[in-house]
Every structure is written in structure tokens, then in C-alpha cells.
Amino acid sequence: MDKLEQSDVSIAPRGWTRLQKVVSAVALVLSATLAMSAWALSTAVGGAPDDDYHLSSIWCTSFSGPDCEIDPAGQGVMIPPPLLVSSYCLYHNSQQSAGCQPFLDGTDPREDFAFGHNNPSRGLYPNGFYMVGNLFKSDNIETTVVSFRLFNIAVFLALLGSLWLLLPSRLRVTLAWTWPIALIPLGMFLIPSTNPSSWAIMAVGIGWLSLLGYLESSGWRSVGLGAVYVAALILSVSSRVDSILFLGVASVLALWQAPLTPRQLLKKTWVAVFPLAFVVARLITTPGNLERVIGGVNTNGVTNSTLPWTQSADALLPGEFDWALLWNNIWSVPGLWTGVFGGRPLGSLGWLDTALPQIVGVGVGIVVLGLIFESLRSPGKKKAWALAAVFGALWVIPVYLLQISGALAGVEFQPRYLVPFMVVVVGTIVLTHDGVPLIRDRFRLSAITVALVVANAVALHTNIRRYTTGTLVQGFNLNSPREWWWGFLPEAISPNVVWIVGSLAFALPVWFAFIVLTQKINTAKKLVEDDHPATATQEPTLSK
């Protein structure tokens, strides 16, 4: 056992009572909830990308079967008019506020109308996400959407909390550092949304870290982390098919990163045959999704080829290869990476119509670049290969999907599709063999904290502004003038209050992750060096 673990050093300051530790943990959970809830309230109904498709799918896809009447004329399912208008009255027009949305409170006197652009009529997505969302369905569209967004936040934080309690010591810093960096701003926008990318982001990042922890643990911790991995797998196969691809790559990466011998790995992973069989069965029974991986998708959402076992060999012969498209996409894919962190032009929120101030992309980008260079100082063989693998996958997978789709980067493959795997990339960058953070000096850690907090606050303010007034109006005060806000909220919970509370709430877990946690490790390291001079050259980890 590590000398530091024997000293029973906790994440709280020395001398704290158990009650104080519980209070600090509750404060962290509450602040994270408030920070993400502010993002849930920052976007109007229909503001998430492709919400016309996803909202109507949620409305009509239940566990008991189709939840909407089918149009006798074959035009699709019957949905409430406000459900569609909520997206179409404002999308692709950032100058239009959400004040154009009528009757979202369920008072619309108009009859339902036929709409064919949704999952029940086009099997392009797994149904699990929509079935769960349908459980929150009510006459009031606003409360339905917000309830499902808050549910997604609860699932995300519950999984993160489980990881914190179960992970081995060396992986806790990776957990604490990865998510605040990887989620700003696109992840913070998508997790509390009605877009299946919400679950995809959770599934890949949490699945990678839980599997890595499972491989390094034993006893009840190992069982618990295995259960978290299975939960991530279920989220993956219930949300987006590309998340299954990313989770598969992340799982193989975890096998390489685990400090185990091949025999130990085999002993720990033989049970993977069961979830693997589940995933294969799920893909086969939902062919529309697998076709997207094999054949790509054009701008109308129609696959460019069918599954190999459903067509003749002649149909599989490729046509003329588009070398110009390949050349363009190879050098354009990095724009998708920067878009994950809000970089222009591909890093806009909403329907790619909410451009963020440059400080967001620059702030988070500098943090990521700094950590990359720090991790390359002496990465070791395993980490060097892991970094090469994740950046290779980050380049090859989008280029492949774009090439078979005949599409340009940013058209059919957008930055939001990369957020799930970007979590793994950031995690690999900050992962260390001993659990000691890459950066330990107070100045640089403070700079990282400020950069992330400011980037989140600016992005949140911009997103709220886009829906309350449209981008024609600028300025600090979000309350006046104001053309839209949630009708079910009391007046005291105004746009300004949501922004201020959400921004401050986000600062607490970031401060804990980069300042408090690192300070405790530095203190623990000094204690070990003082008590055990012979082990002074060994890097300690946090106690389990």
C-alpha cells in the first residue's frame, strides 16, 4: 500500500470534522447542480440542435409504443403545433428572440398536425433516449422540456458522484480535472438538453474512466465500477450510434492504460463478452443506425448505402474517390476540435447560430494546449502511445465519416459529435501514472481556474442573451429589455439571477478541483517526505 494511503490523508483540510466534510461535499454537489441548471434554463424550448426532430420524437416514442396518432394520409405523426414552432420561429436566426414562441403552456386551441421528421417514422436513432424523455411529457411543453433537462443533469451528477466514491486514488484527480475542461462550453450546453448527445457525452467519458477504474480495483469497488460502466453502455446504445463507436475506442484505450499484465487483463475482462453481445445485438436490430457508420449520411438524413448483408456485392463497389474532399477534410477537422471549446466558426451553440465571444475558445484552448505540452515533458511509454492513439482517432474517425458521406467538415459532422470523445482526450492528457496532477504550482492552477470560470460565465451570458432578446441587443443587463423568459418561473428567478448564480456556482467545483485538491496532494506529499525520507522521491496518491 502507498505510504500516503497509510497516512489516511483525506481531501478535506486536517482537523475537519466528519460533519464539515459532509457539508463540503453537499456544497460541491449543490453548486454543480446549480451551475448546470443555469445552462438548462439558458436555452429556450427548441434551441438545441435538431430539436424539431428530437422533441417530436420524445413526444411520440413511449415504452408502451407510439404515443401519437398516425396521420391517415401517411404524412407522419400528429404533434402539437407549438412543438414545431418553438424551433422553426428562431432557428438559424440569432437576432430573433424566443419571444416568437406561442402557447407553450398548453393553451394552444389548434388541433395537432402531421409531422414526419421524427424517430418513429425514420429509424436513425436508438429509441431509449426518447422513451425516457416521454415519461416527462405533459400538456405544458416548457415544463416537459425543463424537467427532462434537469433529469439529465441528475443522471450525470449521480454517475460522477459514484465515480468519485469508487475510483482508485490515482484516478480521482483525472476525474476532477477532466470534466470542467472538456465540457466548456459545448458540453455544458448539451448535457442539460433534449438532444441525445447529452447521454452520449456521459456514456463515453464515464465509461472510459469507470472501466479504467474497474481494471485497477478489486472487491466491492470493482463491482461498483463495473456497474457504472454497464450504465454508461446502456446510455450509449440508447442515445447515438457514434457514441458506441467512441465508447469502443475508449474501452480499448482503457485496456492499454491500465497498469496490468495481459493475464490480469484477461482475468478482469472476460465478463465483457456479455455487454459486447448486447451491443452487437442492439446494432443488428437497429440497422438504420449501423448504416450511418458504414455508409455515411447525406444532408437529408438518408444513408448512402445499405448494410453489407442486405445488398449485392456489386452495390458495394465504390465509385470515383473524391480526393479533393479528402484533402479539404484532413486539414479542416482540427476546426471541429476547437469548436468543442467554442472556437469559431464551428463552435457556435444552438443550431450553430449562437456565436460565442472569442474569449471562450481562447481561454479554454490555452488551458488545453498548456496541459498538452506539460503532459509531453515526460509522458512515459504508455501515455505517449495513448496520446498518439486518441489524437489519431480524433482525426481519423471524423475524416472517415465525412469521406463516406461526401460531406465537408462542419456540415454533416459537427463539433458536438466529438464532445464525447474529447472528454477521453482531455482525460488522457491529465492522467498520470501516480495520481499527482500535471501542474502543482498555485499560480498556474489559479490561472486555469480563472480561465475556465470566465469562459463559462461569458458563454452562459451569451446563450441567455440570444434567447431573451436576440443578438441585436447587447450589454451586461439581461433583464432589460427582455422579450422572453420561462413563464412558470417566479419573477425573482430572472435571467440575471440565473446567470450570476450559475457562474458563481460553477466556480466552486473548479476551485476545488484545481486548487483545493492539488493543495491536499502537495500537503500529503510533504508529510510523506517528512515521515519517510527514504520515499521522498516517490510520488504519492490520494487515499482511497
# chains A, B, ... in the order shown; residues from 1 in each chain; ligands from 1
$ residues_around --residues "range 242-259 of chain A" --least-positions-apart "6" --cutoff "6 Å" --atoms "only C-alpha atoms" --output "list of chain:residue names"
A:Ala200, A:Val204, A:Trp208, A:Leu212, A:Ser236
$ residues_around --residues "Leu478 in chain A" --least-positions-apart "3" --cutoff "8 Å" --atoms "only C-alpha atoms" --output "PyMOL selection string"
chain A and resi 464-465+468+475+481-482+495-496
$ write_last_selection --atoms "C-alpha atoms" --output "PDB file, in the first residue's frame"
ATOM      1  CA  ILE A 464     -29.109  33.564 -22.321  1.00  0.00           C
ATOM      2  CA  ARG A 465     -28.878  36.826 -24.275  1.00  0.00           C
ATOM      3  CA  THR A 468     -34.077  36.646 -24.130  1.00  0.00           C
ATOM      4  CA  GLY A 475     -24.904  44.603 -22.790  1.00  0.00           C
ATOM      5  CA  PRO A 481     -35.007  44.809 -22.251  1.00  0.00           C
ATOM      6  CA  ARG A 482     -36.417  41.282 -22.209  1.00  0.00           C
ATOM      7  CA  PRO A 495     -32.156  35.929 -16.391  1.00  0.00           C
ATOM      8  CA  ASN A 496     -29.618  37.981 -14.420  1.00  0.00           C
TER       9      ASN A 496
END
$ closest_residue --among "A:Leu387, A:Ile515, A:Ile201, A:Leu460" --to "Val501 in chain A" --atoms "only C-alpha atoms"
A:Leu460
$ residues_around --residues "Ala388 in chain A" --least-positions-apart "6" --cutoff "12 Å" --atoms "only C-alpha atoms" --output "count of residues only"
12
$ atom_distance --atom1 "CA of Phe421 in chain A" --atom2 "CA of Val390 in chain A"
8.5 Å
$ atom_distance --atom1 "CA of Pro345 in chain A" --atom2 "CA of Pro185 in chain A"
14.1 Å
$ atom_distance --atom1 "CA of Asp434 in chain A" --atom2 "CA of Arg221 in chain A"
18.8 Å
$ closest_atom_pairs --of "range 480-534 of chain A" --to "range 30-46 of chain A" --cutoff "7 Å" --atoms "only C-alpha atoms" --output "JSON lines"
{"residue": "A:Val498", "atom": "CA", "partner": "A:Ala38", "partner_atom": "CA", "distance": 5.5}
{"residue": "A:Trp499", "atom": "CA", "partner": "A:Ala38", "partner_atom": "CA", "distance": 6.6}
{"residue": "A:Gly502", "atom": "CA", "partner": "A:Ala35", "partner_atom": "CA", "distance": 4.2}
{"residue": "A:Ser503", "atom": "CA", "partner": "A:Ala35", "partner_atom": "CA", "distance": 6.5}
{"residue": "A:Ala505", "atom": "CA", "partner": "A:Ser31", "partner_atom": "CA", "distance": 4.5}
{"residue": "A:Phe506", "atom": "CA", "partner": "A:Ala35", "partner_atom": "CA", "distance": 5.0}
{"residue": "A:Leu508", "atom": "CA", "partner": "A:Ser31", "partner_atom": "CA", "distance": 6.6}
{"residue": "A:Pro509", "atom": "CA", "partner": "A:Ala32", "partner_atom": "CA", "distance": 6.7}
$ residues_around --residues "Ser87 in chain A" --least-positions-apart "6" --cutoff "10 Å" --atoms "only C-alpha atoms" --output "number ranges by chain"
A: 44-53, 55, 98, 100-101, 351
$ residues_around --residues "Gly392 in chain A" --least-positions-apart "6" --cutoff "12 Å" --atoms "only C-alpha atoms" --output "PyMOL selection string"
chain A and resi 249+330+333-334+385-386+398-400+421+425
$ closest_residue --among "A:Gly213, A:Gly106, A:Gly187, A:Gly410" --to "Gly342 in chain A" --atoms "only C-alpha atoms"
A:Gly187
$ closest_residue --among "A:Tyr88, A:Phe488, A:Phe341, A:Tyr417" --to "Ser147 in chain A" --atoms "only C-alpha atoms"
A:Phe488
$ select_by_dssp --residues "range 55-101 of chain A" --states "alpha helix (DSSP H)" --output "ChimeraX atom specification"
/A:55-60,81-88
$ write_last_selection --atoms "C-alpha atoms" --output "mmCIF file, in the first residue's frame"
data_model
loop_
_atom_site.group_PDB
_atom_site.id
_atom_site.type_symbol
_atom_site.label_atom_id
_atom_site.label_comp_id
_atom_site.auth_asym_id
_atom_site.auth_seq_id
_atom_site.Cartn_x
_atom_site.Cartn_y
_atom_site.Cartn_z
ATOM 1 C CA LEU A 55 -38.739 16.977 -29.462
ATOM 2 C CA SER A 56 -41.294 15.359 -31.745
ATOM 3 C CA SER A 57 -39.551 12.013 -31.210
ATOM 4 C CA ILE A 58 -39.769 12.455 -27.431
ATOM 5 C CA TRP A 59 -43.424 13.375 -27.773
ATOM 6 C CA CYS A 60 -44.305 10.290 -29.783
ATOM 7 C CA PRO A 81 -48.210 22.915 -33.384
ATOM 8 C CA PRO A 82 -46.187 24.804 -30.694
ATOM 9 C CA LEU A 83 -43.762 21.887 -30.536
ATOM 10 C CA LEU A 84 -42.621 22.604 -34.063
ATOM 11 C CA VAL A 85 -42.969 26.376 -33.987
ATOM 12 C CA SER A 86 -40.692 26.503 -30.924
ATOM 13 C CA SER A 87 -37.753 25.590 -33.168
ATOM 14 C CA TYR A 88 -38.750 26.984 -36.529
#
$ decode --residues "range 215-281 of chain A" --atoms "C-alpha atoms" --output "compact mmCIF listing (two decimals), in the first residue's frame"
# COMPACT_ATOMS: atom_id res chain seq x y z
CA LEU A 215 -9.40 -2.77 -14.11
CA GLU A 216 -7.33 -1.30 -11.27
CA SER A 217 -9.73 -2.15 -8.43
CA SER A 218 -10.81 -5.20 -6.51
CA GLY A 219 -13.67 -6.20 -4.25
CA TRP A 220 -16.77 -4.07 -3.93
CA ARG A 221 -15.14 -1.10 -5.67
CA SER A 222 -14.51 -3.20 -8.74
CA VAL A 223 -18.11 -4.43 -8.76
CA GLY A 224 -19.42 -0.90 -8.37
CA LEU A 225 -17.26 0.48 -11.18
CA GLY A 226 -18.31 -2.41 -13.40
CA ALA A 227 -21.93 -1.43 -12.75
CA VAL A 228 -21.16 2.19 -13.66
CA TYR A 229 -19.57 1.01 -16.91
CA VAL A 230 -22.66 -1.04 -17.76
CA ALA A 231 -24.82 2.03 -17.03
CA ALA A 232 -22.64 4.05 -19.41
CA LEU A 233 -23.00 1.32 -22.01
CA ILE A 234 -26.79 1.44 -21.71
CA LEU A 235 -26.75 5.22 -22.13
CA SER A 236 -24.55 4.81 -25.19
CA VAL A 237 -26.75 2.30 -27.03
CA SER A 238 -29.82 4.35 -26.11
CA SER A 239 -28.61 7.67 -27.50
CA ARG A 240 -26.38 7.81 -30.59
CA VAL A 241 -24.73 5.08 -32.61
CA ASP A 242 -21.50 7.05 -32.95
CA SER A 243 -21.22 7.08 -29.17
CA ILE A 244 -21.00 3.27 -29.31
CA LEU A 245 -18.07 3.65 -31.70
CA PHE A 246 -16.36 6.19 -29.44
CA LEU A 247 -17.01 4.11 -26.31
CA GLY A 248 -15.48 1.10 -28.04
CA VAL A 249 -12.33 3.07 -28.86
CA ALA A 250 -12.23 4.47 -25.31
CA SER A 251 -12.62 0.97 -23.84
CA VAL A 252 -9.68 -0.37 -25.84
CA LEU A 253 -7.70 2.67 -24.70
CA ALA A 254 -8.53 1.89 -21.06
CA LEU A 255 -7.21 -1.66 -21.51
CA TRP A 256 -3.89 -0.20 -22.69
CA GLN A 257 -3.71 2.45 -19.96
CA ALA A 258 -4.41 0.05 -17.07
CA PRO A 259 -1.21 -0.94 -15.24
CA LEU A 260 -1.92 -4.67 -15.55
CA THR A 261 -0.27 -7.67 -17.19
CA PRO A 262 -2.04 -9.39 -20.11
CA ARG A 263 -3.03 -12.25 -17.83
CA GLN A 264 -4.50 -9.86 -15.27
CA LEU A 265 -6.40 -8.04 -18.02
CA LEU A 266 -7.90 -11.27 -19.32
CA LYS A 267 -8.99 -12.22 -15.83
CA LYS A 268 -10.69 -8.85 -15.35
CA THR A 269 -12.31 -8.54 -18.77
CA TRP A 270 -13.72 -11.97 -19.62
CA VAL A 271 -17.15 -10.79 -18.48
CA ALA A 272 -17.04 -8.18 -21.27
CA VAL A 273 -18.40 -10.84 -23.63
CA PHE A 274 -21.88 -10.19 -22.23
CA PRO A 275 -22.09 -6.42 -22.78
CA LEU A 276 -20.32 -6.90 -26.12
CA ALA A 277 -23.01 -9.35 -27.21
CA PHE A 278 -25.63 -6.84 -26.07
CA VAL A 279 -24.11 -4.05 -28.17
CA VAL A 280 -23.82 -6.25 -31.26
CA ALA A 281 -27.43 -7.37 -30.89
